[in-house]
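For reference, the structure is listed below as structure tokens.
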Amino acid sequence: MKKRILSGMRPTGPLHLGHLVGALNNWIKLQEEYDCFYMVADWHALMSEYAYSDRIKDFVINCVVDWISCGLDPEKSTIFVQSHVPEHLELDMMLSCLTPLARLERNPTYKEQLREIKQRDLTTYAFLGYPVLQAADILVYKANVVPVGVDQAAHLELTREIVRRFNRIYGPIFPEPTTLLTESPKLLGTDGRKMSKSFGNFIALSDEPKVIKEKVGTMFTDPKRVYRKDKGHPHKCNICNYFKIFAPDRADGLAKSCKNADIGCTDCKKNLSDLLVETLKPIQEKRKALLSDKGEILNILKMGGEKAREAASKTMKEVRSKVGLL
Ligand code: TRP
Ligand code: SF4
């Protein structure tokens with residue numbers, strides 16, 4: 001029997017290169033070896049976007065289209081939308097009964113988000129419980145492995161604490177899931193900070209060639225390289241880092257030309273935007289084809305939702321009986 005994986009993304013905006021190298025490429029590899037459940041976490045999106053909920057639908061569709069365009073295969077993996085499987089919420093309620101309030105209040109991600117996100121009022125009941133719903137997402141499928149970035153590690157730690165408590169009270173129901181930390185190369189945004197929707201420094205998988213060119217044009221290069229004849233420090237340059245990630249075989253050559261001032265930053269950026277346009281071309285072609293048949297996407301999500309629900313309802317039957325509800 002294959003081990004089971006669950007992971008998810010919040011549909012709060014377009015997917016970008018950071019999602020591709022930080023999660024999606026890994027998800028695509030994992031679907032060969034595991035029984036994978038990949039979920040669009042629309043309830044988790046609603047927790048911060050409740051006042052803008054009319055946009056979520058479109059982000060969900062675009063998210064799934066991007067996943068499949070990049071290589072997630074609905075024949076291999078179960079691709080579904082969180083809100084299509086109400087069992088998550090039933091388990092969320094049961095888990096929340098035994099999750100100490102103080103544990104949630106000192107969750108580092110929670111404190112950080114409250115501090116950093118000023119455009120949304122996140123001081124809500126649901127947002128405090130964010131990681132409890134995330135635990136329910138994982139446990140309702142009895143997932144063994146959860147591939148996530150390091151920013152989610154604290155949530156997985158809480159999931160394991162909840163599992164131990166639940167199993168101690170009601171008997172061994174859930175496996176303790178392990179965190180599979182995605183070892184992703186660090187892809188910075190166009191401004192040199194972490195690539196993120198909220199910083200507006202991302203290159204979307206759906207960006208047109210013209211937009212990619214403009215965005216690459218704004219990227220910082222080696223600040224010490226003022227004149228074309230100045231020798232560069234490629235390993236401190238974000239552009240060179242992109243080459244290391246998207247064309248590793250060209251990175252050494254580029255670094256050498258940069259150090260010798262054989263290439264100027266304008267040409268170097270032009271090469272990078274050409275590279276990114278080429279890299280995204282097959283993805284965008286597939287994206288366009290998929291978007292031309294929305295019925296087919298909805299059908300994929302319907303099938304995925306049914307498969308997910310089957311697994312989730314099996315777990316909830318067991319949970320209801322072990323907890324002792326009539
Ligand atoms: N919180 C995750 C994120 O922001 C998304 C998510 C929701 C998730 N439920 C999950 C990830 C369950 C892994 C497992 O990236
Ligand atoms: Fe960066 Fe390229 Fe300029 Fe070197 S030549 S500093 S790698 S942009």
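Just remember, in the structure tokens the first chain shown is A, the second B, etc., residues are 1-based per chain, and ligands are 1-based in the order shown.
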Next on the checklist: Please identify all protein, DNA and RNA residues within 10 Å of ligand 2, counting only C-alpha atoms and all ligand atoms, and report them as number ranges by chain.
Outcome noted: A: 216-217, 219-226, 228, 230-243, 251, 254-272
Those residues with N, CA and C atoms, as a CSV table (one decimal), in the first residue's frame please?
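Output below, filename out32.csv:
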```
chain,number,residue,atom,x,y,z
A,216,VAL,N,11.3,41.6,-15.0
A,216,VAL,CA,12.7,41.3,-14.9
A,216,VAL,C,13.5,42.6,-15.0
A,217,GLY,N,13.0,43.5,-15.8
A,217,GLY,CA,13.7,44.8,-16.0
A,217,GLY,C,13.8,45.6,-14.6
A,219,MET,N,14.3,44.2,-11.7
A,219,MET,CA,15.0,43.5,-10.7
A,219,MET,C,16.3,44.1,-10.3
A,220,PHE,N,16.7,44.0,-9.1
A,220,PHE,CA,18.0,44.5,-8.6
A,220,PHE,C,19.1,43.6,-9.1
A,221,THR,N,20.2,44.2,-9.5
A,221,THR,CA,21.4,43.4,-9.8
A,221,THR,C,22.5,43.7,-8.8
A,222,ASP,N,23.7,43.3,-9.1
A,222,ASP,CA,24.8,43.6,-8.2
A,222,ASP,C,24.9,45.1,-8.0
A,223,PRO,N,24.7,45.6,-6.8
A,223,PRO,CA,24.7,47.1,-6.6
A,223,PRO,C,26.1,47.7,-6.8
A,224,LYS,N,27.1,46.8,-6.7
A,224,LYS,CA,28.5,47.3,-6.8
A,224,LYS,C,28.9,47.5,-8.3
A,225,ARG,N,28.0,47.0,-9.2
A,225,ARG,CA,28.3,47.1,-10.6
A,225,ARG,C,27.6,48.3,-11.2
A,226,VAL,N,28.3,49.5,-11.1
A,226,VAL,CA,27.7,50.7,-11.5
A,226,VAL,C,27.9,50.9,-13.0
A,228,ARG,N,29.3,49.5,-16.9
A,228,ARG,CA,29.3,48.3,-17.7
A,228,ARG,C,30.7,47.6,-17.5
A,230,ASP,N,32.6,47.6,-14.9
A,230,ASP,CA,32.8,47.0,-13.5
A,230,ASP,C,32.7,45.5,-13.5
A,231,LYS,N,33.6,44.9,-12.8
A,231,LYS,CA,33.4,43.4,-12.6
A,231,LYS,C,32.3,43.1,-11.6
A,232,GLY,N,31.4,42.1,-11.9
A,232,GLY,CA,30.3,41.8,-11.1
A,232,GLY,C,30.5,40.8,-10.1
A,233,HIS,N,29.6,40.7,-9.2
A,233,HIS,CA,29.5,39.6,-8.1
A,233,HIS,C,28.3,38.8,-8.3
A,234,PRO,N,28.3,37.9,-9.2
A,234,PRO,CA,27.1,37.2,-9.6
A,234,PRO,C,26.4,36.4,-8.5
A,235,HIS,N,27.2,35.9,-7.5
A,235,HIS,CA,26.6,35.1,-6.5
A,235,HIS,C,25.8,36.0,-5.5
A,236,LYS,N,25.9,37.3,-5.6
A,236,LYS,CA,25.1,38.2,-4.8
A,236,LYS,C,24.0,38.8,-5.6
A,237,CYS,N,23.8,38.3,-6.8
A,237,CYS,CA,22.9,38.9,-7.7
A,237,CYS,C,21.7,38.0,-7.9
A,238,ASN,N,20.5,38.6,-7.8
A,238,ASN,CA,19.2,37.8,-7.9
A,238,ASN,C,19.1,37.2,-9.3
A,239,ILE,N,19.5,37.9,-10.3
A,239,ILE,CA,19.4,37.4,-11.7
A,239,ILE,C,20.2,36.1,-11.8
A,240,CYS,N,21.4,36.1,-11.3
A,240,CYS,CA,22.2,34.9,-11.4
A,240,CYS,C,21.5,33.7,-10.7
A,241,ASN,N,20.9,34.1,-9.5
A,241,ASN,CA,20.2,33.1,-8.7
A,241,ASN,C,19.1,32.4,-9.6
A,242,TYR,N,18.4,33.2,-10.3
A,242,TYR,CA,17.4,32.7,-11.2
A,242,TYR,C,17.9,31.7,-12.2
A,243,PHE,N,19.1,32.1,-12.8
A,243,PHE,CA,19.7,31.1,-13.7
A,243,PHE,C,20.1,29.8,-13.0
A,251,ALA,N,24.5,28.6,-15.5
A,251,ALA,CA,24.8,29.5,-14.4
A,251,ALA,C,26.3,29.8,-14.3
A,254,LEU,N,27.6,32.0,-17.0
A,254,LEU,CA,27.1,33.4,-16.8
A,254,LEU,C,27.9,34.1,-15.7
A,255,ALA,N,28.1,33.3,-14.6
A,255,ALA,CA,28.9,33.9,-13.4
A,255,ALA,C,30.3,34.3,-13.9
A,256,LYS,N,30.9,33.5,-14.7
A,256,LYS,CA,32.2,33.8,-15.2
A,256,LYS,C,32.2,35.1,-16.1
A,257,SER,N,31.3,35.2,-17.0
A,257,SER,CA,31.2,36.4,-17.9
A,257,SER,C,30.9,37.7,-17.0
A,258,CYS,N,30.1,37.5,-16.0
A,258,CYS,CA,29.8,38.6,-15.1
A,258,CYS,C,31.0,39.1,-14.4
A,259,LYS,N,31.7,38.1,-13.8
A,259,LYS,CA,32.9,38.5,-13.0
A,259,LYS,C,34.0,39.2,-13.9
A,260,ASN,N,34.0,38.8,-15.2
A,260,ASN,CA,35.0,39.4,-16.1
A,260,ASN,C,34.5,40.6,-16.8
A,261,ALA,N,33.3,41.0,-16.5
A,261,ALA,CA,32.6,42.1,-17.1
A,261,ALA,C,32.5,41.9,-18.6
A,262,ASP,N,32.4,40.6,-19.0
A,262,ASP,CA,32.1,40.3,-20.5
A,262,ASP,C,30.7,40.5,-20.9
A,263,ILE,N,29.8,40.5,-19.9
A,263,ILE,CA,28.4,40.7,-20.2
A,263,ILE,C,27.9,41.8,-19.3
A,264,GLY,N,27.0,42.6,-19.9
A,264,GLY,CA,26.4,43.7,-19.1
A,264,GLY,C,25.0,43.3,-18.5
A,265,CYS,N,24.6,44.0,-17.5
A,265,CYS,CA,23.3,43.6,-16.8
A,265,CYS,C,22.1,43.7,-17.7
A,266,THR,N,22.1,44.6,-18.7
A,266,THR,CA,21.0,44.7,-19.6
A,266,THR,C,20.8,43.5,-20.4
A,267,ASP,N,21.9,43.0,-21.0
A,267,ASP,CA,21.9,41.8,-21.8
A,267,ASP,C,21.5,40.6,-20.9
A,268,CYS,N,22.1,40.6,-19.7
A,268,CYS,CA,21.9,39.5,-18.8
A,268,CYS,C,20.4,39.3,-18.5
A,269,LYS,N,19.8,40.5,-18.2
A,269,LYS,CA,18.4,40.5,-17.9
A,269,LYS,C,17.5,40.1,-19.1
A,270,LYS,N,18.0,40.5,-20.3
A,270,LYS,CA,17.3,40.1,-21.5
A,270,LYS,C,17.3,38.5,-21.6
A,271,ASN,N,18.5,38.0,-21.3
A,271,ASN,CA,18.6,36.5,-21.4
A,271,ASN,C,17.7,35.8,-20.4
A,272,LEU,N,17.6,36.5,-19.2
A,272,LEU,CA,16.7,35.9,-18.2
A,272,LEU,C,15.3,35.9,-18.6
```
Next on the checklist: Set the distance at 7 Å and use only C-alpha atoms: which residues neighbour region 134-138 of chain A once local chain neighbours fewer than 4 positions away are removed? I'd like the list as a list in words.
Outcome noted: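 These residues fall inside the cut-off: Leu6, His88, Leu91, Asp92, Tyr130, Lys142, Ala143 and Thr159 of chain A.
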Checklist entry - From the set A:Gly324, A:Pro209, A:Pro248, A:Gly8, which residue has the shortest atom-to-atom contact distance to Lys281 (chain A), counting only C-alpha atoms? => result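 Looking only at the distances to Lys281 (chain A), the closest residue turns out to be A:Pro209.
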Test item: residues no farther than 9 Å from ligand 1, counting only C-alpha atoms and all ligand atoms, as a compact mmCIF listing (two decimals) with N, CA, C and O atoms, in the first residue's frame:
```
# COMPACT_ATOMS: atom_id res chain seq x y z
N ILE A 5 -0.34 11.10 0.99
CA ILE A 5 0.10 12.49 1.11
C ILE A 5 -1.11 13.41 1.05
O ILE A 5 -2.04 13.16 0.29
N LEU A 6 -1.08 14.46 1.86
CA LEU A 6 -2.03 15.55 1.64
C LEU A 6 -1.28 16.87 1.70
O LEU A 6 -0.42 17.07 2.55
N SER A 7 -1.61 17.75 0.75
CA SER A 7 -1.11 19.11 0.87
C SER A 7 -2.12 20.06 0.23
O SER A 7 -3.04 19.61 -0.46
N GLY A 8 -1.92 21.33 0.46
CA GLY A 8 -2.88 22.28 -0.08
C GLY A 8 -2.28 23.66 -0.30
O GLY A 8 -1.20 23.97 0.19
N MET A 9 -3.00 24.46 -1.08
CA MET A 9 -2.63 25.87 -1.29
C MET A 9 -3.88 26.71 -1.12
O MET A 9 -4.98 26.26 -1.43
N ARG A 10 -3.67 27.92 -0.64
CA ARG A 10 -4.78 28.85 -0.47
C ARG A 10 -5.02 29.64 -1.75
O ARG A 10 -4.10 30.28 -2.25
N TYR A 38 -4.34 16.50 -3.26
CA TYR A 38 -3.96 17.90 -3.35
C TYR A 38 -5.23 18.76 -3.36
O TYR A 38 -6.13 18.56 -4.18
N MET A 39 -5.24 19.71 -2.46
CA MET A 39 -6.48 20.41 -2.16
C MET A 39 -6.32 21.92 -2.34
O MET A 39 -5.31 22.50 -1.95
N VAL A 40 -7.35 22.53 -2.92
CA VAL A 40 -7.40 23.98 -2.95
C VAL A 40 -8.12 24.40 -1.67
O VAL A 40 -9.31 24.11 -1.50
N ALA A 41 -7.41 25.07 -0.78
CA ALA A 41 -7.92 25.35 0.57
C ALA A 41 -8.76 26.63 0.56
O ALA A 41 -8.33 27.67 1.05
N ASP A 42 -9.98 26.52 0.02
CA ASP A 42 -10.78 27.75 -0.12
C ASP A 42 -11.32 28.23 1.23
O ASP A 42 -11.52 29.43 1.41
N TRP A 43 -11.56 27.33 2.16
CA TRP A 43 -11.98 27.81 3.48
C TRP A 43 -10.84 28.57 4.17
O TRP A 43 -11.07 29.56 4.84
N HIS A 44 -9.64 28.08 3.98
CA HIS A 44 -8.51 28.81 4.54
C HIS A 44 -8.33 30.17 3.86
O HIS A 44 -7.90 31.13 4.48
N ALA A 45 -8.69 30.24 2.59
CA ALA A 45 -8.63 31.54 1.90
C ALA A 45 -9.69 32.48 2.49
O ALA A 45 -9.44 33.66 2.74
N GLN A 82 -11.40 22.03 -1.01
CA GLN A 82 -11.68 21.78 0.41
C GLN A 82 -13.17 21.88 0.75
O GLN A 82 -13.73 21.00 1.41
N TYR A 130 -7.12 28.58 12.50
CA TYR A 130 -6.56 28.20 11.19
C TYR A 130 -5.82 26.86 11.23
O TYR A 130 -6.10 25.96 10.44
N PRO A 131 -4.87 26.68 12.19
CA PRO A 131 -4.13 25.42 12.17
C PRO A 131 -4.95 24.21 12.62
O PRO A 131 -4.56 23.08 12.32
N LEU A 133 -8.10 23.65 11.58
CA LEU A 133 -8.68 23.21 10.31
C LEU A 133 -7.61 22.53 9.45
O LEU A 133 -7.87 21.53 8.79
N GLN A 134 -6.41 23.06 9.48
CA GLN A 134 -5.33 22.44 8.71
C GLN A 134 -5.06 21.02 9.22
O GLN A 134 -4.85 20.10 8.43
N ALA A 135 -5.10 20.84 10.54
CA ALA A 135 -4.93 19.49 11.11
C ALA A 135 -6.06 18.59 10.63
O ALA A 135 -5.83 17.43 10.23
N ALA A 136 -7.29 19.11 10.62
CA ALA A 136 -8.43 18.31 10.16
C ALA A 136 -8.25 17.92 8.69
O ALA A 136 -8.54 16.78 8.31
N ASP A 137 -7.75 18.85 7.86
CA ASP A 137 -7.51 18.56 6.43
C ASP A 137 -6.63 17.31 6.28
O ASP A 137 -6.85 16.47 5.42
N ILE A 138 -5.63 17.25 7.13
CA ILE A 138 -4.64 16.16 7.04
C ILE A 138 -5.21 14.87 7.61
O ILE A 138 -5.15 13.80 7.01
N VAL A 146 3.16 15.06 4.85
CA VAL A 146 2.65 16.36 4.41
C VAL A 146 3.80 17.20 3.87
O VAL A 146 4.64 17.69 4.64
N PRO A 147 3.89 17.36 2.56
CA PRO A 147 4.96 18.20 2.00
C PRO A 147 4.58 19.68 2.12
O PRO A 147 3.56 20.08 1.59
N VAL A 148 5.39 20.42 2.83
CA VAL A 148 5.13 21.87 2.99
C VAL A 148 6.46 22.62 3.07
O VAL A 148 7.51 22.02 3.28
N GLY A 149 6.37 23.91 2.92
CA GLY A 149 7.53 24.76 3.11
C GLY A 149 7.76 24.99 4.60
O GLY A 149 6.88 24.71 5.42
N ASP A 151 7.67 27.49 6.39
CA ASP A 151 6.72 28.40 7.06
C ASP A 151 5.52 27.66 7.66
O ASP A 151 4.81 28.21 8.49
N GLN A 152 5.30 26.42 7.22
CA GLN A 152 4.16 25.66 7.73
C GLN A 152 4.56 24.63 8.78
O GLN A 152 3.71 23.89 9.29
N HIS A 155 2.68 24.58 12.10
CA HIS A 155 1.32 24.03 12.03
C HIS A 155 1.33 22.50 12.07
O HIS A 155 0.45 21.89 12.66
N LEU A 156 2.33 21.92 11.45
CA LEU A 156 2.43 20.46 11.45
C LEU A 156 2.78 19.94 12.84
O LEU A 156 2.32 18.88 13.24
```
Could I get the residues of region 54-76 of chain A with an atom no further than 10 Å from an atom of region 288-306 of chain A, each paired with its nearest atom pair and that distance in Å to one decimal, using only C-alpha atoms, sorted by chain and residue number, as a Markdown table?
```
| residue | atom | partner | partner_atom | distance |
| --- | --- | --- | --- | --- |
| A:Ile61 | CA | A:Ile297 | CA | 7.5 |
| A:Asn62 | CA | A:Leu291 | CA | 8.3 |
| A:Val64 | CA | A:Ile297 | CA | 7.9 |
| A:Val65 | CA | A:Leu290 | CA | 6.6 |
| A:Asp66 | CA | A:Leu290 | CA | 9.3 |
| A:Ile68 | CA | A:Leu290 | CA | 8.7 |
| A:Ser69 | CA | A:Leu290 | CA | 8.0 |
| A:Pro74 | CA | A:Ile300 | CA | 7.0 |
| A:Glu75 | CA | A:Ile300 | CA | 9.4 |
```
Item to check | DSSP-assigned helix (DSSP H, G or I) among region 195-252 of chain A, expressed as a PyMOL selection string | outcome: chain A and resi 197-199+209-217+234-236+238-246+248-252
Write out as a PDB file with N, CA and C atoms, in the first residue's frame the residues lying within 12 Å of region 108-119 of chain A, counting only C-alpha atoms and excluding same-chain residues fewer than 2 positions away.
```pdb
ATOM      1  N   SER A  48      -9.035  34.867   5.524  1.00  0.00           N
ATOM      2  CA  SER A  48      -8.481  36.209   5.399  1.00  0.00           C
ATOM      3  C   SER A  48      -9.240  37.044   4.358  1.00  0.00           C
ATOM      4  N   GLU A  49      -9.926  36.376   3.414  1.00  0.00           N
ATOM      5  CA  GLU A  49     -10.551  37.091   2.286  1.00  0.00           C
ATOM      6  C   GLU A  49     -12.062  37.154   2.420  1.00  0.00           C
ATOM      7  N   ALA A  51     -14.103  39.293   3.233  1.00  0.00           N
ATOM      8  CA  ALA A  51     -14.775  40.484   2.708  1.00  0.00           C
ATOM      9  C   ALA A  51     -14.640  40.596   1.194  1.00  0.00           C
ATOM     10  N   TYR A  52     -13.869  39.698   0.594  1.00  0.00           N
ATOM     11  CA  TYR A  52     -13.651  39.730  -0.864  1.00  0.00           C
ATOM     12  C   TYR A  52     -13.929  38.350  -1.443  1.00  0.00           C
ATOM     13  N   ALA A 102      -4.708  28.616  24.625  1.00  0.00           N
ATOM     14  CA  ALA A 102      -3.405  29.266  24.776  1.00  0.00           C
ATOM     15  C   ALA A 102      -2.402  28.754  23.739  1.00  0.00           C
ATOM     16  N   ARG A 103      -2.567  27.476  23.339  1.00  0.00           N
ATOM     17  CA  ARG A 103      -1.666  26.893  22.344  1.00  0.00           C
ATOM     18  C   ARG A 103      -1.820  27.604  20.997  1.00  0.00           C
ATOM     19  N   LEU A 104      -3.058  27.973  20.685  1.00  0.00           N
ATOM     20  CA  LEU A 104      -3.316  28.672  19.428  1.00  0.00           C
ATOM     21  C   LEU A 104      -2.828  30.114  19.501  1.00  0.00           C
ATOM     22  N   GLU A 105      -2.998  30.712  20.666  1.00  0.00           N
ATOM     23  CA  GLU A 105      -2.606  32.115  20.807  1.00  0.00           C
ATOM     24  C   GLU A 105      -1.098  32.303  20.726  1.00  0.00           C
ATOM     25  N   ARG A 106      -0.356  31.251  21.081  1.00  0.00           N
ATOM     26  CA  ARG A 106       1.095  31.433  20.973  1.00  0.00           C
ATOM     27  C   ARG A 106       1.692  30.789  19.720  1.00  0.00           C
ATOM     28  N   ASP A 121      -8.546  42.490   8.577  1.00  0.00           N
ATOM     29  CA  ASP A 121      -8.769  42.307  10.013  1.00  0.00           C
ATOM     30  C   ASP A 121      -8.800  40.803  10.296  1.00  0.00           C
ATOM     31  N   LEU A 122      -7.727  40.327  10.885  1.00  0.00           N
ATOM     32  CA  LEU A 122      -7.597  38.889  11.135  1.00  0.00           C
ATOM     33  C   LEU A 122      -7.872  38.518  12.591  1.00  0.00           C
ATOM     34  N   THR A 123      -8.413  39.464  13.340  1.00  0.00           N
ATOM     35  CA  THR A 123      -8.683  39.163  14.754  1.00  0.00           C
ATOM     36  C   THR A 123     -10.035  38.468  14.897  1.00  0.00           C
ATOM     37  N   THR A 124     -10.160  37.342  14.239  1.00  0.00           N
ATOM     38  CA  THR A 124     -11.442  36.622  14.253  1.00  0.00           C
ATOM     39  C   THR A 124     -11.283  35.246  14.910  1.00  0.00           C
ATOM     40  N   ALA A 126     -12.335  32.403  13.609  1.00  0.00           N
ATOM     41  CA  ALA A 126     -11.891  31.399  12.641  1.00  0.00           C
ATOM     42  C   ALA A 126     -10.380  31.453  12.427  1.00  0.00           C
ATOM     43  N   PHE A 127      -9.849  32.664  12.356  1.00  0.00           N
ATOM     44  CA  PHE A 127      -8.428  32.769  12.012  1.00  0.00           C
ATOM     45  C   PHE A 127      -7.540  32.195  13.113  1.00  0.00           C
ATOM     46  N   LEU A 128      -7.973  32.340  14.344  1.00  0.00           N
ATOM     47  CA  LEU A 128      -7.219  31.729  15.440  1.00  0.00           C
ATOM     48  C   LEU A 128      -7.170  30.208  15.263  1.00  0.00           C
ATOM     49  N   GLY A 129      -8.262  29.670  14.754  1.00  0.00           N
ATOM     50  CA  GLY A 129      -8.348  28.213  14.566  1.00  0.00           C
ATOM     51  C   GLY A 129      -7.777  27.716  13.249  1.00  0.00           C
ATOM     52  N   TYR A 130      -7.117  28.575  12.500  1.00  0.00           N
ATOM     53  CA  TYR A 130      -6.556  28.197  11.192  1.00  0.00           C
ATOM     54  C   TYR A 130      -5.823  26.857  11.231  1.00  0.00           C
ATOM     55  N   PRO A 131      -4.871  26.684  12.193  1.00  0.00           N
ATOM     56  CA  PRO A 131      -4.125  25.424  12.166  1.00  0.00           C
ATOM     57  C   PRO A 131      -4.947  24.210  12.617  1.00  0.00           C
ATOM     58  N   VAL A 132      -6.060  24.431  13.288  1.00  0.00           N
ATOM     59  CA  VAL A 132      -6.914  23.294  13.669  1.00  0.00           C
ATOM     60  C   VAL A 132      -7.602  22.749  12.415  1.00  0.00           C
ATOM     61  N   VAL A 150       8.905  25.523   4.921  1.00  0.00           N
ATOM     62  CA  VAL A 150       9.299  25.658   6.326  1.00  0.00           C
ATOM     63  C   VAL A 150       8.339  26.573   7.100  1.00  0.00           C
ATOM     64  N   ASP A 151       7.667  27.488   6.392  1.00  0.00           N
ATOM     65  CA  ASP A 151       6.720  28.398   7.056  1.00  0.00           C
ATOM     66  C   ASP A 151       5.521  27.659   7.657  1.00  0.00           C
ATOM     67  N   GLN A 152       5.305  26.422   7.221  1.00  0.00           N
ATOM     68  CA  GLN A 152       4.159  25.659   7.726  1.00  0.00           C
ATOM     69  C   GLN A 152       4.557  24.631   8.784  1.00  0.00           C
ATOM     70  N   ALA A 153       5.837  24.564   9.106  1.00  0.00           N
ATOM     71  CA  ALA A 153       6.319  23.518  10.018  1.00  0.00           C
ATOM     72  C   ALA A 153       5.650  23.606  11.390  1.00  0.00           C
ATOM     73  N   ALA A 154       5.432  24.819  11.879  1.00  0.00           N
ATOM     74  CA  ALA A 154       4.814  24.983  13.203  1.00  0.00           C
ATOM     75  C   ALA A 154       3.388  24.422  13.212  1.00  0.00           C
ATOM     76  N   HIS A 155       2.680  24.576  12.096  1.00  0.00           N
ATOM     77  CA  HIS A 155       1.321  24.031  12.025  1.00  0.00           C
ATOM     78  C   HIS A 155       1.328  22.504  12.072  1.00  0.00           C
ATOM     79  N   LEU A 156       2.333  21.923  11.446  1.00  0.00           N
ATOM     80  CA  LEU A 156       2.427  20.460  11.448  1.00  0.00           C
ATOM     81  C   LEU A 156       2.777  19.938  12.838  1.00  0.00           C
ATOM     82  N   GLU A 157       3.566  20.715  13.553  1.00  0.00           N
ATOM     83  CA  GLU A 157       3.894  20.350  14.927  1.00  0.00           C
ATOM     84  C   GLU A 157       2.607  20.340  15.763  1.00  0.00           C
ATOM     85  N   LEU A 158       1.789  21.331  15.587  1.00  0.00           N
ATOM     86  CA  LEU A 158       0.512  21.378  16.319  1.00  0.00           C
ATOM     87  C   LEU A 158      -0.391  20.202  15.912  1.00  0.00           C
ATOM     88  N   LYS A 197       2.642  36.968  -2.792  1.00  0.00           N
ATOM     89  CA  LYS A 197       1.516  37.726  -3.329  1.00  0.00           C
ATOM     90  C   LYS A 197       1.379  39.057  -2.606  1.00  0.00           C
ATOM     91  N   SER A 198       1.563  39.005  -1.284  1.00  0.00           N
ATOM     92  CA  SER A 198       1.299  40.238  -0.525  1.00  0.00           C
ATOM     93  C   SER A 198       2.356  41.314  -0.756  1.00  0.00           C
ATOM     94  N   PHE A 199       3.553  40.917  -1.208  1.00  0.00           N
ATOM     95  CA  PHE A 199       4.574  41.931  -1.509  1.00  0.00           C
ATOM     96  C   PHE A 199       4.431  42.478  -2.940  1.00  0.00           C
TER      97      PHE A 199
END
```
Next on the checklist: For a quick check of understanding, using only C-alpha atoms, which of A:Gly253, A:Pro185, A:Pro172, A:Gly71 has the smallest distance to Val21 (chain A)?
Outcome noted: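 Closest to Val21 (chain A), using only C-alpha atoms: A:Pro185.
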